[in-house]
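This is entry.csv. It holds CSV, C-alpha atoms.
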```
chain,number,residue,atom,x,y,z
A,1460,VAL,CA,-80.6,21.9,-69.7
A,1461,TYR,CA,-82.6,24.3,-71.8
A,1462,TYR,CA,-85.8,22.3,-70.9
A,1463,CYS,CA,-85.0,22.4,-67.2
A,1464,LEU,CA,-84.4,26.2,-67.3
A,1465,GLN,CA,-87.5,27.0,-69.4
A,1466,ASN,CA,-89.8,24.9,-67.4
A,1467,GLU,CA,-88.3,25.4,-63.9
A,1468,PHE,CA,-87.8,21.7,-63.7
A,1469,PHE,CA,-85.3,21.2,-60.9
A,1470,GLU,CA,-85.7,17.6,-59.8
A,1471,THR,CA,-82.9,15.1,-59.3
A,1472,GLU,CA,-82.9,14.2,-63.0
A,1473,SER,CA,-82.1,17.8,-63.9
A,1474,ALA,CA,-79.0,17.6,-61.6
A,1475,VAL,CA,-77.6,14.9,-64.0
A,1476,ALA,CA,-78.2,17.3,-66.9
A,1477,PHE,CA,-76.5,20.2,-65.3
A,1478,ALA,CA,-73.5,18.1,-64.1
A,1479,GLY,CA,-73.1,16.7,-67.6
A,1480,PHE,CA,-73.2,20.2,-69.1
A,1481,GLY,CA,-70.6,21.3,-66.6
A,1482,TYR,CA,-68.4,18.3,-67.6
A,1483,PHE,CA,-68.6,19.1,-71.3
A,1484,HIS,CA,-67.4,22.7,-70.6
A,1485,ILE,CA,-64.3,21.2,-68.9
A,1486,ALA,CA,-63.7,18.3,-71.2
A,1487,LEU,CA,-64.4,19.9,-74.5
A,1488,LYS,CA,-63.6,23.6,-73.9
A,1489,GLN,CA,-61.3,23.5,-70.9
A,1490,ASP,CA,-63.5,26.2,-69.4
A,1491,TYR,CA,-63.2,25.2,-65.7
A,1492,GLU,CA,-65.1,28.2,-64.4
A,1493,LYS,CA,-68.2,27.4,-66.3
A,1494,GLY,CA,-67.8,23.8,-65.5
A,1495,LYS,CA,-67.7,24.7,-61.8
A,1496,TYR,CA,-70.7,27.0,-62.2
A,1497,TRP,CA,-73.0,24.3,-63.6
A,1498,ALA,CA,-71.7,21.8,-61.1
A,1499,LYS,CA,-72.6,24.1,-58.2
A,1500,ILE,CA,-76.2,24.3,-59.6
A,1501,ALA,CA,-76.3,20.5,-59.7
A,1502,LEU,CA,-75.1,20.3,-56.1
A,1503,GLU,CA,-77.7,22.7,-54.9
A,1504,ILE,CA,-80.4,20.6,-56.6
A,1505,LEU,CA,-79.1,17.5,-54.9
A,1506,LYS,CA,-79.3,19.2,-51.5
A,1507,GLN,CA,-83.0,19.8,-52.0
A,1508,THR,CA,-84.2,16.5,-53.5
A,1509,ARG,CA,-84.5,12.9,-52.3
A,1510,PRO,CA,-81.8,10.4,-53.1
A,1511,SER,CA,-82.5,8.3,-56.1
A,1512,SER,CA,-80.7,6.5,-58.9
A,1513,ALA,CA,-80.3,9.9,-60.6
A,1514,THR,CA,-78.6,11.2,-57.5
A,1515,VAL,CA,-76.0,8.5,-57.8
A,1516,ARG,CA,-75.4,9.3,-61.5
A,1517,ALA,CA,-75.1,13.0,-60.7
A,1518,ARG,CA,-72.7,12.5,-57.9
A,1519,TRP,CA,-70.6,10.1,-60.1
A,1520,MET,CA,-70.3,12.9,-62.7
A,1521,LEU,CA,-69.8,15.7,-60.2
A,1522,TYR,CA,-67.1,14.1,-58.0
A,1523,GLY,CA,-65.5,11.9,-60.6
A,1524,HIS,CA,-65.2,14.4,-63.4
A,1525,ILE,CA,-65.7,18.0,-62.2
A,1526,MET,CA,-65.2,18.7,-58.5
A,1527,LEU,CA,-62.0,16.8,-58.3
A,1528,TRP,CA,-60.4,19.9,-60.0
A,1529,PHE,CA,-61.7,22.2,-57.2
A,1530,ILE,CA,-61.6,20.1,-54.0
A,1531,PRO,CA,-58.8,18.0,-52.3
A,1532,LEU,CA,-58.4,14.7,-54.0
A,1533,LYS,CA,-58.9,12.9,-50.7
A,1534,GLU,CA,-62.3,14.6,-50.4
A,1535,ALA,CA,-63.2,13.6,-54.0
A,1536,ALA,CA,-62.2,10.0,-53.3
A,1537,ARG,CA,-64.4,9.9,-50.1
A,1538,LYS,CA,-67.4,11.4,-51.9
A,1539,LEU,CA,-67.1,8.8,-54.6
A,1540,PHE,CA,-66.8,6.0,-52.1
A,1541,ALA,CA,-70.0,7.4,-50.4
A,1542,THR,CA,-71.6,7.5,-53.9
A,1543,ASN,CA,-70.7,3.8,-54.3
A,1544,GLN,CA,-72.5,3.0,-51.0
A,1545,LEU,CA,-75.5,5.0,-51.9
A,1546,GLY,CA,-75.7,3.3,-55.3
A,1547,MET,CA,-75.5,-0.1,-53.7
A,1548,LYS,CA,-78.3,0.8,-51.3
A,1549,LEU,CA,-80.5,2.1,-54.2
A,1550,GLY,CA,-79.8,-0.9,-56.5
A,1551,ASP,CA,-77.8,1.1,-59.1
A,1552,PHE,CA,-74.9,-1.4,-59.1
A,1553,LYS,CA,-73.3,-0.3,-62.4
A,1554,THR,CA,-72.9,3.3,-61.3
A,1555,ALA,CA,-71.9,2.2,-57.8
A,1556,VAL,CA,-69.0,0.1,-59.1
A,1557,SER,CA,-67.9,2.8,-61.5
A,1558,ALA,CA,-67.9,5.3,-58.6
A,1559,LEU,CA,-65.8,2.8,-56.6
A,1560,THR,CA,-63.3,2.5,-59.4
A,1561,LEU,CA,-63.0,6.3,-59.7
A,1562,SER,CA,-62.6,6.5,-56.0
A,1563,THR,CA,-59.8,3.9,-56.0
A,1564,ASN,CA,-57.9,5.7,-58.8
A,1565,ILE,CA,-58.2,9.1,-57.1
A,1566,ALA,CA,-57.2,7.6,-53.7
A,1567,LEU,CA,-54.1,6.2,-55.3
A,1568,LEU,CA,-53.2,9.6,-56.7
A,1569,GLU,CA,-53.5,11.3,-53.4
A,1570,GLY,CA,-51.5,8.6,-51.6
A,1571,GLU,CA,-54.1,6.7,-49.6
A,1572,ASN,CA,-52.9,3.9,-47.4
A,1573,LEU,CA,-53.0,0.7,-49.5
A,1574,LEU,CA,-54.0,-1.5,-46.6
A,1575,LEU,CA,-57.1,0.7,-46.0
A,1576,LEU,CA,-57.9,0.6,-49.7
A,1577,THR,CA,-57.7,-3.2,-49.7
A,1578,ARG,CA,-60.0,-3.5,-46.7
A,1579,ASP,CA,-62.7,-1.1,-48.1
A,1580,ARG,CA,-62.6,-2.4,-51.7
A,1581,PHE,CA,-62.7,-6.1,-50.6
A,1582,SER,CA,-65.7,-5.3,-48.4
A,1583,GLU,CA,-67.6,-3.6,-51.2
A,1584,MET,CA,-66.7,-6.3,-53.7
A,1585,LYS,CA,-68.3,-9.0,-51.5
A,1586,LYS,CA,-71.5,-6.9,-51.4
A,1587,VAL,CA,-71.6,-6.5,-55.2
A,1588,VAL,CA,-71.3,-10.2,-56.0
A,1589,LYS,CA,-74.5,-11.0,-54.1
A,1590,TYR,CA,-76.5,-8.8,-56.4
A,1591,ASN,CA,-74.8,-8.5,-59.8
A,1592,ILE,CA,-72.1,-10.9,-61.1
A,1593,GLU,CA,-71.2,-8.6,-64.1
A,1594,CYS,CA,-70.5,-5.7,-61.8
A,1595,ALA,CA,-68.5,-8.0,-59.5
A,1596,LYS,CA,-66.2,-8.7,-62.4
A,1597,LEU,CA,-65.4,-5.0,-62.5
A,1598,ALA,CA,-65.2,-4.6,-58.7
A,1599,VAL,CA,-62.6,-7.4,-58.3
A,1600,LEU,CA,-60.2,-5.5,-60.6
A,1601,ASP,CA,-59.8,-2.8,-58.0
A,1602,VAL,CA,-58.9,-5.3,-55.3
A,1603,VAL,CA,-56.4,-7.1,-57.7
A,1604,LEU,CA,-54.8,-3.7,-58.5
A,1605,VAL,CA,-54.2,-2.8,-54.9
A,1606,ASP,CA,-53.1,-6.3,-54.0
A,1607,GLU,CA,-50.4,-6.2,-56.7
A,1608,LEU,CA,-49.2,-2.8,-55.6
A,1609,ARG,CA,-48.9,-4.2,-52.0
A,1610,GLY,CA,-47.3,-7.4,-53.2
A,1611,GLU,CA,-50.1,-9.4,-51.4
A,1612,ASN,CA,-52.9,-11.8,-52.4
A,1613,THR,CA,-56.1,-11.5,-50.6
A,1614,ASN,CA,-57.6,-14.2,-52.9
A,1615,PRO,CA,-60.4,-11.9,-54.3
A,1616,PHE,CA,-61.4,-14.4,-56.9
A,1617,ALA,CA,-62.8,-16.7,-54.2
A,1618,ILE,CA,-66.1,-14.8,-54.5
A,1619,PHE,CA,-66.7,-16.5,-57.9
A,1620,ASP,CA,-66.7,-20.0,-56.4
A,1621,GLY,CA,-64.2,-21.4,-59.0
A,1622,LYS,CA,-65.7,-19.9,-62.1
A,1623,PHE,CA,-62.9,-17.3,-62.4
A,1624,SER,CA,-59.5,-17.5,-60.8
A,1625,SER,CA,-57.5,-14.8,-62.5
A,1626,VAL,CA,-57.7,-11.6,-64.5
A,1627,ASP,CA,-56.8,-13.7,-67.6
A,1628,ASP,CA,-60.0,-15.8,-67.0
A,1629,LEU,CA,-62.0,-12.6,-66.9
A,1630,MET,CA,-60.4,-11.4,-70.1
A,1631,MET,CA,-61.3,-14.7,-71.9
A,1632,ASP,CA,-64.8,-14.4,-70.6
A,1633,ALA,CA,-65.0,-10.8,-71.8
A,1634,VAL,CA,-63.7,-11.5,-75.2
A,1635,THR,CA,-66.0,-14.5,-75.6
A,1636,ASN,CA,-69.0,-12.4,-74.6
A,1637,LYS,CA,-67.8,-9.2,-76.4
A,1638,ASN,CA,-67.9,-7.3,-73.1
A,1639,ILE,CA,-66.1,-4.2,-74.3
A,1640,ASN,CA,-66.5,-2.5,-70.9
A,1641,LEU,CA,-64.8,-5.3,-69.0
A,1642,ILE,CA,-62.0,-5.5,-71.6
A,1643,SER,CA,-61.3,-1.8,-71.5
A,1644,ASN,CA,-61.3,-1.9,-67.7
A,1645,ILE,CA,-58.8,-4.7,-67.6
A,1646,TYR,CA,-56.5,-2.8,-69.9
A,1647,PHE,CA,-56.8,0.3,-67.9
A,1648,ARG,CA,-55.9,-1.6,-64.7
A,1649,ARG,CA,-52.9,-3.0,-66.4
A,1650,LEU,CA,-51.9,0.5,-67.5
A,1651,PHE,CA,-52.3,1.9,-64.0
A,1652,LEU,CA,-50.3,-1.0,-62.4
A,1653,ALA,CA,-47.4,-0.5,-64.9
A,1654,PHE,CA,-47.5,3.3,-64.2
A,1655,TRP,CA,-47.5,3.0,-60.5
A,1656,GLU,CA,-44.6,0.5,-60.6
A,1657,GLY,CA,-42.6,2.9,-62.8
A,1658,ASN,CA,-42.8,0.7,-66.0
A,1659,TYR,CA,-43.7,3.6,-68.2
A,1660,ASP,CA,-42.9,1.9,-71.5
A,1661,ILE,CA,-45.3,-1.0,-70.6
A,1662,ALA,CA,-47.9,1.5,-69.5
A,1663,GLU,CA,-47.7,3.2,-72.9
A,1664,SER,CA,-48.1,-0.1,-74.7
A,1665,HIS,CA,-51.3,-0.8,-72.7
A,1666,LEU,CA,-52.5,2.7,-73.5
A,1667,ARG,CA,-52.1,1.9,-77.2
A,1668,ASP,CA,-53.9,-1.4,-76.7
```

Write-out of the structure in C-alpha cells:
Amino acid sequence: VYYCLQNEFFETESAVAFAGFGYFHIALKQDYEKGKYWAKIALEILKQTRPSSATVRARWMLYGHIMLWFIPLKEAARKLFATNQLGMKLGDFKTAVSALTLSTNIALLEGENLLLLTRDRFSEMKKVVKYNIECAKLAVLDVVLVDELRGENTNPFAIFDGKFSSVDDLMMDAVTNKNINLISNIYFRRLFLAFWEGNYDIAESHLRD
C-alpha cells in the first residue's frame, strides 16, 4: 500500500493491496469505517483498469470479506457469482471456485431459492471440471450441500466419471494427498449443513474438528 501511494501506482494489482488492507482493518481492528474507506479506493481502481486475474482476486476480497458488511447480502452474493464467472473466463479457476463458495454461503444466509442455487452451482461445476479437476473437487461440495438441504440428489459426482462417488471418497483422496484445503472445506460444509438443519451440537463438533 505504501509503495502504491508513494509511486502513484494505481494498476489492478494495487487494488488487491488496498482491498487486503481494508480487510485487515475490519478483521484485526474491527474498524469498519477504515475498512470501507480502503475498499472504496480499490473499487475505484477496478473501474479504471482492465479485467485481469488481479481483478478477480480483488473482487473476491472486496465482496467476500468487506463490502458484505455495507451492501445487501443478495447483492454481495451476486457480485461474487459474477466474480466466479470472470475468474473462469480469465483462467483463474482457484479464485473463481472460492468466489463461488462464498457466494453460496452468503446466498444461503440471505434466503436464496435453493432450486436456483442448485441450477447455477451445477452449471458452474460442470464448467470447472473441464479445466481443473482439483478445483472441481471443491465446486462439487457446494452442489452437495444444497442437494442435502433440498433433500434431493442431482448426482453431481457423475462429472468425475467414477473416480469419486461421494464426499467420503473426496476426503480419502484429500487425506492421502495431504490436501489441507479440501479437507478443511469438507469440514466446513459439514458444519454448515448441521447448522442449517438445526443440529447445533454436531455443528460445534465439526467446528472443533

**Study point:** Residue neighbourhood stretch 1546-1558 of chain A, 7 Å, all atoms listed in the file, exclusion window fewer than 5 positions, as a VMD selection string
**Key:** chain A and resid 1511 to 1512 1515 to 1516 1519 1539 to 1540 1594 1598

Practice item. Find the residues around A:Leu1532 up to 9 Å (only C-alpha atoms counted), leave out those fewer than 3 positions away in its own chain, and share them as a ChimeraX atom specification. Key: /A:1527-1529,1535-1537,1565-1566,1568-1569

Check your understanding: Hey, can you check how far atom CA of A:Ile1592 sits from atom CA of A:Asn1636?
Key -> 13.9 Å

Practice item. Fewer than 4 positions away in the same chain doesn't count, so skip those; otherwise give me all residues within 9 Å of stretch 1609-1611 of chain A, counting all atoms listed in the file, as a ChimeraX atom specification. Key: /A:1573-1574,1604-1605

**Study point:** Nearest to A:Leu1597, chosen from A:Ile1645, A:Asp1628, A:Leu1576, A:Pro1615, with all atoms listed in the file counted in the distances
**Key:**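 Nearest candidate to A:Leu1597 out of A:Ile1645, A:Asp1628, A:Leu1576, A:Pro1615: A:Ile1645.
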
Wanna dump the stretch 1495-1551 of chain A-stretch 1463-1474 of chain A contacts at 9 Å for me, each residue with its shortest atom pair and the distance in Å to one decimal, counting all atoms listed in the file, ordered by chain and number, as a tab-separated table?
```
residue	atom	partner	partner_atom	distance
A:Ala1498	CA	A:Ala1474	CA	8.4
A:Ile1500	CA	A:Ala1474	CA	7.5
A:Ala1501	CA	A:Ala1474	CA	4.4
A:Leu1502	CA	A:Ala1474	CA	7.3
A:Glu1503	CA	A:Ala1474	CA	8.5
A:Ile1504	CA	A:Ala1474	CA	6.0
A:Leu1505	CA	A:Thr1471	CA	6.3
A:Gln1507	CA	A:Glu1470	CA	8.5
A:Thr1508	CA	A:Thr1471	CA	6.1
A:Arg1509	CA	A:Thr1471	CA	7.5
A:Pro1510	CA	A:Thr1471	CA	7.9
A:Ser1511	CA	A:Thr1471	CA	7.5
A:Ser1512	CA	A:Thr1471	CA	8.9
A:Ala1513	CA	A:Glu1472	CA	5.6
A:Thr1514	CA	A:Thr1471	CA	6.1
A:Ala1517	CA	A:Ala1474	CA	6.1
A:Arg1518	CA	A:Ala1474	CA	8.9
```

**Study point:** Polymer residues at most 12 Å from A:Phe1651, all atoms listed in the file, same-chain spacing of 3 or more positions, as a PyMOL selection string
**Key:** chain A and resi 1560+1563-1565+1567-1568+1600-1601+1603-1605+1607-1608+1644-1648+1654-1659+1661-1666

Could you write out that same residue set with C-alpha atoms as a compact mmCIF listing (two decimals), in the frame of the given file?
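Heads up, here's the output in selection-v4.txt:
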```txt
# COMPACT_ATOMS: atom_id res chain seq x y z
CA THR A 1560 -63.30 2.50 -59.40
CA THR A 1563 -59.80 3.90 -56.00
CA ASN A 1564 -57.90 5.70 -58.80
CA ILE A 1565 -58.20 9.10 -57.10
CA LEU A 1567 -54.10 6.20 -55.30
CA LEU A 1568 -53.20 9.60 -56.70
CA LEU A 1600 -60.20 -5.50 -60.60
CA ASP A 1601 -59.80 -2.80 -58.00
CA VAL A 1603 -56.40 -7.10 -57.70
CA LEU A 1604 -54.80 -3.70 -58.50
CA VAL A 1605 -54.20 -2.80 -54.90
CA GLU A 1607 -50.40 -6.20 -56.70
CA LEU A 1608 -49.20 -2.80 -55.60
CA ASN A 1644 -61.30 -1.90 -67.70
CA ILE A 1645 -58.80 -4.70 -67.60
CA TYR A 1646 -56.50 -2.80 -69.90
CA PHE A 1647 -56.80 0.30 -67.90
CA ARG A 1648 -55.90 -1.60 -64.70
CA PHE A 1654 -47.50 3.30 -64.20
CA TRP A 1655 -47.50 3.00 -60.50
CA GLU A 1656 -44.60 0.50 -60.60
CA GLY A 1657 -42.60 2.90 -62.80
CA ASN A 1658 -42.80 0.70 -66.00
CA TYR A 1659 -43.70 3.60 -68.20
CA ILE A 1661 -45.30 -1.00 -70.60
CA ALA A 1662 -47.90 1.50 -69.50
CA GLU A 1663 -47.70 3.20 -72.90
CA SER A 1664 -48.10 -0.10 -74.70
CA HIS A 1665 -51.30 -0.80 -72.70
CA LEU A 1666 -52.50 2.70 -73.50
```

Review point. So which one's closest to A:Thr1613, A:Val1588, A:Ser1643, A:Phe1581, A:Phe1477? Using all atoms listed in the file, please.
Key: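 Answer, going by the shortest atom-to-atom distance: A:Phe1581.
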